[in-house]
$ cat data.tsv   # TSV, C-alpha atoms
chain	number	residue	atom	x	y	z
W	1	MET	CA	12.81	-15.73	70.76
W	2	PHE	CA	14.28	-15.11	74.27
W	3	GLY	CA	11.36	-12.79	75.09
W	4	THR	CA	8.84	-15.45	74.08
W	5	LYS	CA	10.44	-18.13	76.25
W	6	LYS	CA	10.62	-15.77	79.23
W	7	PHE	CA	6.94	-14.91	78.76
W	8	ILE	CA	5.94	-18.59	78.69
W	9	TYR	CA	8.04	-19.41	81.75
W	10	CYS	CA	6.37	-16.58	83.66
W	11	SER	CA	2.94	-17.88	82.66
W	12	LEU	CA	3.78	-21.40	83.83
W	13	PHE	CA	5.21	-20.09	87.10
W	14	LEU	CA	2.12	-18.03	87.85
W	15	GLY	CA	-0.08	-20.98	86.94
W	16	LEU	CA	1.77	-23.17	89.44
W	17	ILE	CA	1.73	-20.74	92.34
W	18	TYR	CA	-1.76	-19.43	91.64
W	19	PRO	CA	-3.68	-22.14	93.54
W	20	PHE	CA	-1.47	-21.72	96.60
W	21	SER	CA	-1.69	-17.95	96.62
W	22	LEU	CA	-5.47	-17.91	96.60
W	23	PHE	CA	-5.62	-18.88	100.25
W	24	GLY	CA	-4.03	-15.61	101.38
W	25	GLN	CA	-5.79	-13.23	99.02
W	26	SER	CA	-9.07	-11.31	99.09
W	27	ALA	CA	-11.78	-11.81	96.46
W	28	ASP	CA	-10.72	-8.59	94.61
W	29	GLN	CA	-7.12	-9.66	94.53
W	30	VAL	CA	-8.12	-13.05	93.19
W	31	LYS	CA	-10.14	-11.42	90.41
W	32	GLN	CA	-7.20	-9.16	89.53
W	33	LEU	CA	-4.91	-12.16	89.29
W	34	GLN	CA	-7.42	-13.94	87.08
W	35	LYS	CA	-7.68	-10.91	84.78
W	36	ALA	CA	-3.90	-10.66	84.60
W	37	LEU	CA	-3.62	-14.31	83.60
W	38	ILE	CA	-6.34	-13.98	80.98
W	39	LYS	CA	-4.63	-10.89	79.56
W	40	MET	CA	-1.33	-12.71	79.39
W	41	GLN	CA	-2.94	-15.64	77.57
W	42	LEU	CA	-4.60	-13.31	75.05
W	43	GLU	CA	-1.32	-11.49	74.43
W	44	MET	CA	0.46	-14.79	73.90
W	45	GLU	CA	-2.17	-15.92	71.37
W	46	GLU	CA	-1.91	-12.59	69.57
W	47	TYR	CA	1.87	-12.90	69.41
W	48	GLN	CA	1.60	-16.43	68.03
W	49	GLY	CA	-0.82	-15.13	65.39
W	50	GLU	CA	1.68	-12.44	64.37
W	51	LEU	CA	4.44	-15.04	64.08
W	52	GLN	CA	2.23	-17.17	61.83
W	53	ASP	CA	1.46	-14.15	59.61
W	54	GLN	CA	5.18	-13.36	59.31
W	55	PHE	CA	5.91	-16.95	58.38
W	56	SER	CA	3.21	-16.89	55.67
W	57	GLU	CA	4.58	-13.63	54.23
W	58	GLN	CA	8.13	-15.01	54.14
W	59	ARG	CA	6.96	-18.18	52.41
W	60	GLN	CA	5.07	-16.11	49.82
W	61	LEU	CA	8.16	-13.96	49.18
W	62	LEU	CA	10.25	-17.11	48.75
W	63	GLU	CA	7.79	-18.53	46.19
W	64	GLN	CA	7.78	-15.23	44.29
W	65	ALA	CA	11.59	-15.16	44.26
W	66	GLN	CA	11.72	-18.73	42.93
W	67	SER	CA	9.24	-17.87	40.18
W	68	GLU	CA	11.32	-14.82	39.23
W	69	ILE	CA	14.50	-16.93	39.07
W	70	GLU	CA	12.78	-19.39	36.71
W	71	ARG	CA	11.59	-16.53	34.48
W	72	LEU	CA	15.07	-15.00	34.34
W	73	SER	CA	16.55	-18.41	33.48
W	74	ARG	CA	14.15	-18.78	30.53
W	75	GLU	CA	14.94	-15.28	29.29
W	76	ASN	CA	18.67	-15.93	29.64
W	77	LYS	CA	18.37	-19.10	27.55
W	78	GLU	CA	16.46	-17.23	24.83
W	79	LEU	CA	19.08	-14.47	24.84
W	80	GLN	CA	21.88	-17.03	24.48
W	81	GLU	CA	20.13	-18.53	21.46
W	82	LYS	CA	19.79	-15.08	19.84
W	83	VAL	CA	23.45	-14.31	20.50
W	84	PHE	CA	24.44	-17.64	18.94
W	85	SER	CA	22.38	-16.85	15.85
W	86	LEU	CA	24.02	-13.43	15.52
W	87	GLU	CA	27.47	-14.96	15.96
W	88	THR	CA	26.72	-17.38	13.12
W	89	GLU	CA	25.76	-14.54	10.78
W	90	GLN	CA	28.80	-12.58	11.86
W	91	ALA	CA	31.06	-15.57	11.20
W	92	VAL	CA	29.60	-15.96	7.70
W	93	SER	CA	30.08	-12.25	6.96
W	94	LYS	CA	33.63	-12.28	8.33
W	95	GLN	CA	34.59	-15.29	6.22
W	96	SER	CA	33.13	-13.69	3.13
W	97	LEU	CA	34.89	-10.40	3.85
W	98	ASN	CA	38.26	-12.14	4.13
W	99	GLU	CA	37.72	-13.94	0.83
W	100	LEU	CA	36.64	-10.77	-0.94
W	101	SER	CA	39.53	-8.78	0.50
W	102	ALA	CA	42.03	-11.33	-0.83
W	103	SER	CA	40.58	-11.12	-4.34
W	104	SER	CA	40.71	-7.27	-4.33
W	105	SER	CA	37.48	-7.09	-6.31
W	106	THR	CA	35.59	-3.78	-6.10
W	107	ALA	CA	32.36	-5.40	-7.29
W	108	GLN	CA	32.60	-8.02	-4.59
W	109	PHE	CA	33.16	-5.44	-1.89
W	110	ASP	CA	30.16	-3.45	-3.12
W	111	GLU	CA	28.03	-6.56	-2.97
W	112	LEU	CA	29.19	-7.36	0.56
W	113	SER	CA	28.61	-3.80	1.72
W	114	LEU	CA	25.01	-4.00	0.51
W	115	LEU	CA	24.58	-7.31	2.31
W	116	VAL	CA	26.01	-5.93	5.56
W	117	SER	CA	23.64	-2.96	5.32
W	118	SER	CA	20.71	-5.37	4.93
W	119	LEU	CA	21.93	-7.35	7.94
W	120	MET	CA	21.98	-4.20	10.04
W	121	LEU	CA	18.43	-3.36	8.99
W	122	ALA	CA	17.35	-6.90	9.89
W	123	GLU	CA	18.69	-6.44	13.40
W	124	PHE	CA	16.32	-3.49	13.79
W	125	GLY	CA	13.35	-5.54	12.61
W	126	ASP	CA	13.44	-5.05	8.81
W	127	SER	CA	14.03	-8.65	7.74
W	128	SER	CA	12.32	-8.18	4.36
W	129	SER	CA	15.18	-6.09	2.93
W	130	LEU	CA	17.73	-8.73	3.90
W	131	GLU	CA	15.68	-11.60	2.49
W	132	GLU	CA	15.05	-9.78	-0.81
W	133	GLN	CA	18.77	-9.04	-1.14
W	134	LEU	CA	19.73	-12.65	-0.39
W	135	LEU	CA	17.19	-14.09	-2.84
W	136	GLU	CA	18.37	-11.73	-5.54
W	137	MET	CA	21.98	-12.73	-5.00
W	138	LEU	CA	21.02	-16.42	-4.97
W	139	ASN	CA	18.90	-16.31	-8.12
W	140	GLU	CA	21.03	-13.95	-10.23
W	141	GLY	CA	24.40	-15.24	-9.15
W	142	SER	CA	26.76	-13.92	-6.54
W	143	ASN	CA	30.38	-13.93	-5.54
W	144	LEU	CA	29.29	-15.27	-2.18
W	145	PRO	CA	28.88	-19.05	-1.77
W	146	ALA	CA	25.29	-20.17	-2.35
W	147	ASP	CA	25.22	-22.38	0.77
W	148	GLN	CA	26.00	-19.36	2.95
W	149	LEU	CA	23.24	-17.33	1.32
W	150	ILE	CA	20.74	-20.16	1.92
W	151	LEU	CA	21.87	-20.47	5.54
W	152	MET	CA	21.33	-16.74	6.08
W	153	LEU	CA	17.87	-16.97	4.50
W	154	ALA	CA	16.96	-19.83	6.83
W	155	GLU	CA	18.21	-17.92	9.88
W	156	SER	CA	16.34	-14.76	8.89
W	157	HIS	CA	13.01	-16.56	8.43
W	158	LYS	CA	13.45	-18.42	11.72
W	159	ARG	CA	14.18	-15.19	13.59
W	160	ARG	CA	10.88	-13.63	12.51
W	161	GLY	CA	8.88	-16.78	13.25
W	162	ALA	CA	8.39	-18.14	9.72
W	163	LEU	CA	9.31	-21.67	10.80
W	164	GLU	CA	8.09	-23.63	7.77
W	165	GLU	CA	9.86	-21.29	5.33
W	166	SER	CA	13.01	-21.52	7.42
W	167	LEU	CA	12.78	-25.31	7.43
W	168	GLY	CA	12.49	-25.26	3.64
W	169	PHE	CA	15.77	-23.38	3.26
W	170	TYR	CA	17.56	-25.68	5.69
W	171	GLY	CA	16.23	-28.64	3.72
W	172	LEU	CA	17.47	-27.08	0.46
W	173	MET	CA	20.93	-26.68	1.92
W	174	ILE	CA	21.00	-30.25	3.25
W	175	SER	CA	19.94	-31.77	-0.07
W	176	ASP	CA	21.89	-29.54	-2.48
W	177	TYR	CA	25.08	-28.80	-0.52
W	178	PRO	CA	26.12	-32.00	1.31
W	179	GLU	CA	29.77	-30.88	1.30
W	180	SER	CA	29.08	-27.52	2.93
W	181	ASP	CA	31.02	-26.54	6.05
W	182	PHE	CA	27.65	-25.55	7.52
W	183	LEU	CA	25.87	-28.85	6.81
W	184	ASN	CA	25.82	-30.10	10.40
W	185	LYS	CA	24.47	-26.77	11.62
W	186	ALA	CA	21.70	-26.93	9.01
W	187	ILE	CA	20.77	-30.49	10.04
W	188	PHE	CA	20.59	-29.61	13.74
W	189	GLU	CA	18.63	-26.39	13.21
W	190	ALA	CA	16.21	-28.23	10.92
W	191	SER	CA	15.66	-30.85	13.63
W	192	GLU	CA	14.88	-28.12	16.13
W	193	LEU	CA	12.26	-26.64	13.80
W	194	LEU	CA	10.71	-30.06	13.21
W	195	GLY	CA	10.35	-30.42	16.97
W	196	GLN	CA	8.59	-27.06	17.20
W	197	LEU	CA	6.29	-28.08	14.35
W	198	ASP	CA	5.35	-31.35	16.15
W	199	GLN	CA	7.06	-33.57	13.57
W	200	SER	CA	8.89	-35.67	16.14
W	201	ASP	CA	9.60	-38.68	13.89
W	202	GLN	CA	11.45	-36.59	11.33
W	203	GLN	CA	13.19	-34.69	14.11
W	204	MET	CA	14.50	-37.95	15.62
W	205	ALA	CA	15.65	-39.17	12.20
W	206	LEU	CA	17.75	-36.03	11.62
W	207	LEU	CA	19.21	-36.12	15.12
W	208	GLU	CA	20.18	-39.78	14.77
W	209	SER	CA	21.88	-39.08	11.43
W	210	LEU	CA	23.88	-36.30	13.08
W	211	SER	CA	24.66	-38.06	16.36
W	212	GLU	CA	27.62	-39.98	14.90
W	213	SER	CA	29.31	-36.79	13.74
W	214	LYS	CA	32.19	-35.17	15.55
W	215	GLY	CA	32.32	-31.57	16.61
W	216	GLU	CA	29.86	-29.16	18.16
W	217	TYR	CA	26.66	-30.22	16.41
W	218	GLY	CA	27.29	-33.92	16.84
W	219	GLU	CA	27.51	-33.32	20.56
W	220	LYS	CA	24.36	-31.17	20.49
W	221	ALA	CA	22.50	-33.93	18.65
W	222	ARG	CA	23.50	-36.55	21.22
W	223	GLU	CA	22.44	-34.31	24.09
W	224	LYS	CA	19.09	-33.59	22.40
W	225	LEU	CA	18.44	-37.29	21.81
W	226	ALA	CA	19.18	-38.02	25.45
W	227	SER	CA	16.79	-35.30	26.63
W	228	LEU	CA	14.01	-36.49	24.31
W	229	SER	CA	14.32	-40.07	25.51
W	230	ASN	CA	13.80	-39.06	29.15
$ encode --input "data.tsv" --output "structure tokens"
Amino acid sequence: MFGTKKFIYCSLFLGLIYPFSLFGQSADQVKQLQKALIKMQLEMEEYQGELQDQFSEQRQLLEQAQSEIERLSRENKELQEKVFSLETEQAVSKQSLNELSASSSTAQFDELSLLVSSLMLAEFGDSSSLEEQLLEMLNEGSNLPADQLILMLAESHKRRGALEESLGFYGLMISDYPESDFLNKAIFEASELLGQLDQSDQQMALLESLSESKGEYGEKAREKLASLSN
């Protein structure tokens, strides 16, 4: 910046003294002075062009950085949702394990071990084994609570993109197990799926029914209603 100012000051100074100096100079000297001034002007224009190019490059880099930040934010949100889903399944398994351990039933532990194995396979992309195991336990009877099995079926279908099937299991849980500890979670997750399926009226109805509830999902419902109204 200092160099630029000094260059401009020199140009102005020469421009001021140039008319007065012409009276004591030969024609060749005058031409040399004119060439020097023209060269200085061209160099200044070139320097200004370089500054403009640098500014454009910096602005482009800033826009790219902002776009990358937005992409990372979206990916972080998706990752948080996946972690939350896994934590829910882990909480269900942990609760079941504690109940089975207290009863000291070998059959129950065998059943849970099979379920945990299916859960591990589902994490590596094999959701079909988990869903078959859950349906079998639900239809033939199980030592695990039916509402937890239905919740796990809903989560598994949602994770692999089968939204309508997932919504069906959440609906089954809401209608058949109104006293379940996981009822509010099922209502909120069902409302989210309805939103993704462009069924906004039903989504709003579920959120409004949940908004008066206390706890985590009541708060989530109120926040979602507020965001949808904006």
$ residues_around --input "data.tsv" --residues "Met204 (chain W)" --least-positions-apart "4" --cutoff "9 Å" --atoms "all atoms listed in the file" --output "list in words"
Ser191, Gly195, Gln199, Ser200, Glu208, Ser209, Leu225 and Leu228 of chain W
$ atom_distance --input "data.tsv" --atom1 "CA of His157 (chain W)" --atom2 "CA of Glu131 (chain W)"
8.2 Å
$ closest_residue --input "data.tsv" --among "W:Asp28, W:Glu75, W:Glu165, W:Glu68" --to "Leu197 (chain W)" --atoms "only C-alpha atoms"
W:Glu165
$ atom_distance --input "data.tsv" --atom1 "CA of Glu140 (chain W)" --atom2 "CA of Ser166 (chain W)"
20.8 Å
$ atom_distance --input "data.tsv" --atom1 "CA of Ser229 (chain W)" --atom2 "CA of Asp201 (chain W)"
12.6 Å
$ residues_near_point --input "data.tsv" --point "(25.9, -31.1, 23.6)" --cutoff "12 Å" --atoms "only C-alpha atoms" --output "number ranges by chain"
W: 188, 207, 210-211, 213-227
$ decode --input "data.tsv" --residues "region 191-228 of chain W" --atoms "N, CA and C atoms" --output "tab-separated table (two decimals), in the first residue's frame"
chain	number	residue	atom	x	y	z
W	191	SER	N	-44.77	-37.64	13.09
W	191	SER	CA	-45.01	-36.30	12.52
W	191	SER	C	-43.91	-35.91	11.56
W	192	GLU	N	-42.68	-36.27	11.87
W	192	GLU	CA	-41.57	-35.97	10.98
W	192	GLU	C	-41.72	-36.70	9.64
W	193	LEU	N	-42.14	-37.94	9.71
W	193	LEU	CA	-42.35	-38.71	8.47
W	193	LEU	C	-43.49	-38.14	7.65
W	194	LEU	N	-44.56	-37.72	8.32
W	194	LEU	CA	-45.68	-37.11	7.60
W	194	LEU	C	-45.23	-35.85	6.88
W	195	GLY	N	-44.35	-35.08	7.50
W	195	GLY	CA	-43.81	-33.90	6.83
W	195	GLY	C	-43.03	-34.26	5.59
W	196	GLN	N	-42.22	-35.31	5.68
W	196	GLN	CA	-41.43	-35.74	4.52
W	196	GLN	C	-42.32	-36.30	3.41
W	197	LEU	N	-43.48	-36.82	3.79
W	197	LEU	CA	-44.40	-37.39	2.81
W	197	LEU	C	-45.43	-36.37	2.34
W	198	ASP	N	-45.20	-35.08	2.65
W	198	ASP	CA	-46.07	-33.97	2.21
W	198	ASP	C	-47.50	-34.11	2.72
W	199	GLN	N	-47.66	-34.61	3.94
W	199	GLN	CA	-48.97	-34.69	4.58
W	199	GLN	C	-48.97	-33.70	5.75
W	200	SER	N	-48.91	-32.42	5.40
W	200	SER	CA	-48.69	-31.38	6.40
W	200	SER	C	-49.85	-31.26	7.40
W	201	ASP	N	-51.08	-31.47	6.96
W	201	ASP	CA	-52.22	-31.34	7.88
W	201	ASP	C	-52.13	-32.37	9.00
W	202	GLN	N	-51.85	-33.62	8.64
W	202	GLN	CA	-51.73	-34.65	9.66
W	202	GLN	C	-50.50	-34.41	10.53
W	203	GLN	N	-49.43	-33.90	9.91
W	203	GLN	CA	-48.23	-33.59	10.69
W	203	GLN	C	-48.55	-32.54	11.77
W	204	MET	N	-49.25	-31.47	11.38
W	204	MET	CA	-49.59	-30.42	12.33
W	204	MET	C	-50.49	-30.95	13.45
W	205	ALA	N	-51.41	-31.85	13.10
W	205	ALA	CA	-52.32	-32.40	14.10
W	205	ALA	C	-51.55	-33.19	15.16
W	206	LEU	N	-50.58	-34.00	14.72
W	206	LEU	CA	-49.79	-34.77	15.69
W	206	LEU	C	-48.93	-33.85	16.56
W	207	LEU	N	-48.33	-32.85	15.93
W	207	LEU	CA	-47.48	-31.93	16.69
W	207	LEU	C	-48.29	-31.16	17.73
W	208	GLU	N	-49.48	-30.73	17.36
W	208	GLU	CA	-50.33	-30.00	18.30
W	208	GLU	C	-50.76	-30.88	19.46
W	209	SER	N	-51.02	-32.17	19.19
W	209	SER	CA	-51.40	-33.08	20.26
W	209	SER	C	-50.25	-33.34	21.23
W	210	LEU	N	-49.02	-33.19	20.73
W	210	LEU	CA	-47.84	-33.46	21.54
W	210	LEU	C	-47.31	-32.20	22.23
W	211	SER	N	-47.70	-31.03	21.72
W	211	SER	CA	-47.11	-29.78	22.19
W	211	SER	C	-47.41	-29.47	23.66
W	212	GLU	N	-48.49	-30.03	24.19
W	212	GLU	CA	-48.84	-29.78	25.59
W	212	GLU	C	-48.11	-30.72	26.55
W	213	SER	N	-47.38	-31.68	26.00
W	213	SER	CA	-46.69	-32.65	26.85
W	213	SER	C	-45.42	-32.05	27.44
W	214	LYS	N	-45.01	-32.58	28.55
W	214	LYS	CA	-43.76	-32.19	29.17
W	214	LYS	C	-42.64	-33.08	28.64
W	215	GLY	N	-41.43	-32.70	28.93
W	215	GLY	CA	-40.30	-33.53	28.55
W	215	GLY	C	-39.73	-33.17	27.20
W	216	GLU	N	-38.81	-34.02	26.74
W	216	GLU	CA	-38.02	-33.75	25.54
W	216	GLU	C	-38.88	-33.59	24.29
W	217	TYR	N	-39.81	-34.52	24.08
W	217	TYR	CA	-40.56	-34.50	22.82
W	217	TYR	C	-41.66	-33.45	22.80
W	218	GLY	N	-42.14	-33.05	23.97
W	218	GLY	CA	-43.05	-31.91	24.01
W	218	GLY	C	-42.35	-30.64	23.57
W	219	GLU	N	-41.12	-30.48	24.04
W	219	GLU	CA	-40.33	-29.32	23.65
W	219	GLU	C	-40.01	-29.35	22.16
W	220	LYS	N	-39.65	-30.52	21.65
W	220	LYS	CA	-39.36	-30.66	20.22
W	220	LYS	C	-40.59	-30.32	19.38
W	221	ALA	N	-41.76	-30.73	19.84
W	221	ALA	CA	-42.99	-30.46	19.09
W	221	ALA	C	-43.26	-28.95	19.05
W	222	ARG	N	-43.07	-28.27	20.16
W	222	ARG	CA	-43.30	-26.82	20.19
W	222	ARG	C	-42.32	-26.09	19.27
W	223	GLU	N	-41.06	-26.51	19.29
W	223	GLU	CA	-40.07	-25.90	18.41
W	223	GLU	C	-40.41	-26.14	16.93
W	224	LYS	N	-40.89	-27.34	16.63
W	224	LYS	CA	-41.22	-27.67	15.24
W	224	LYS	C	-42.43	-26.85	14.78
W	225	LEU	N	-43.42	-26.70	15.64
W	225	LEU	CA	-44.59	-25.90	15.29
W	225	LEU	C	-44.19	-24.46	15.03
W	226	ALA	N	-43.29	-23.94	15.86
W	226	ALA	CA	-42.84	-22.56	15.68
W	226	ALA	C	-42.11	-22.39	14.35
W	227	SER	N	-41.28	-23.37	13.99
W	227	SER	CA	-40.53	-23.26	12.74
W	227	SER	C	-41.44	-23.39	11.52
W	228	LEU	N	-42.49	-24.21	11.63
W	228	LEU	CA	-43.41	-24.39	10.51
W	228	LEU	C	-44.31	-23.18	10.30
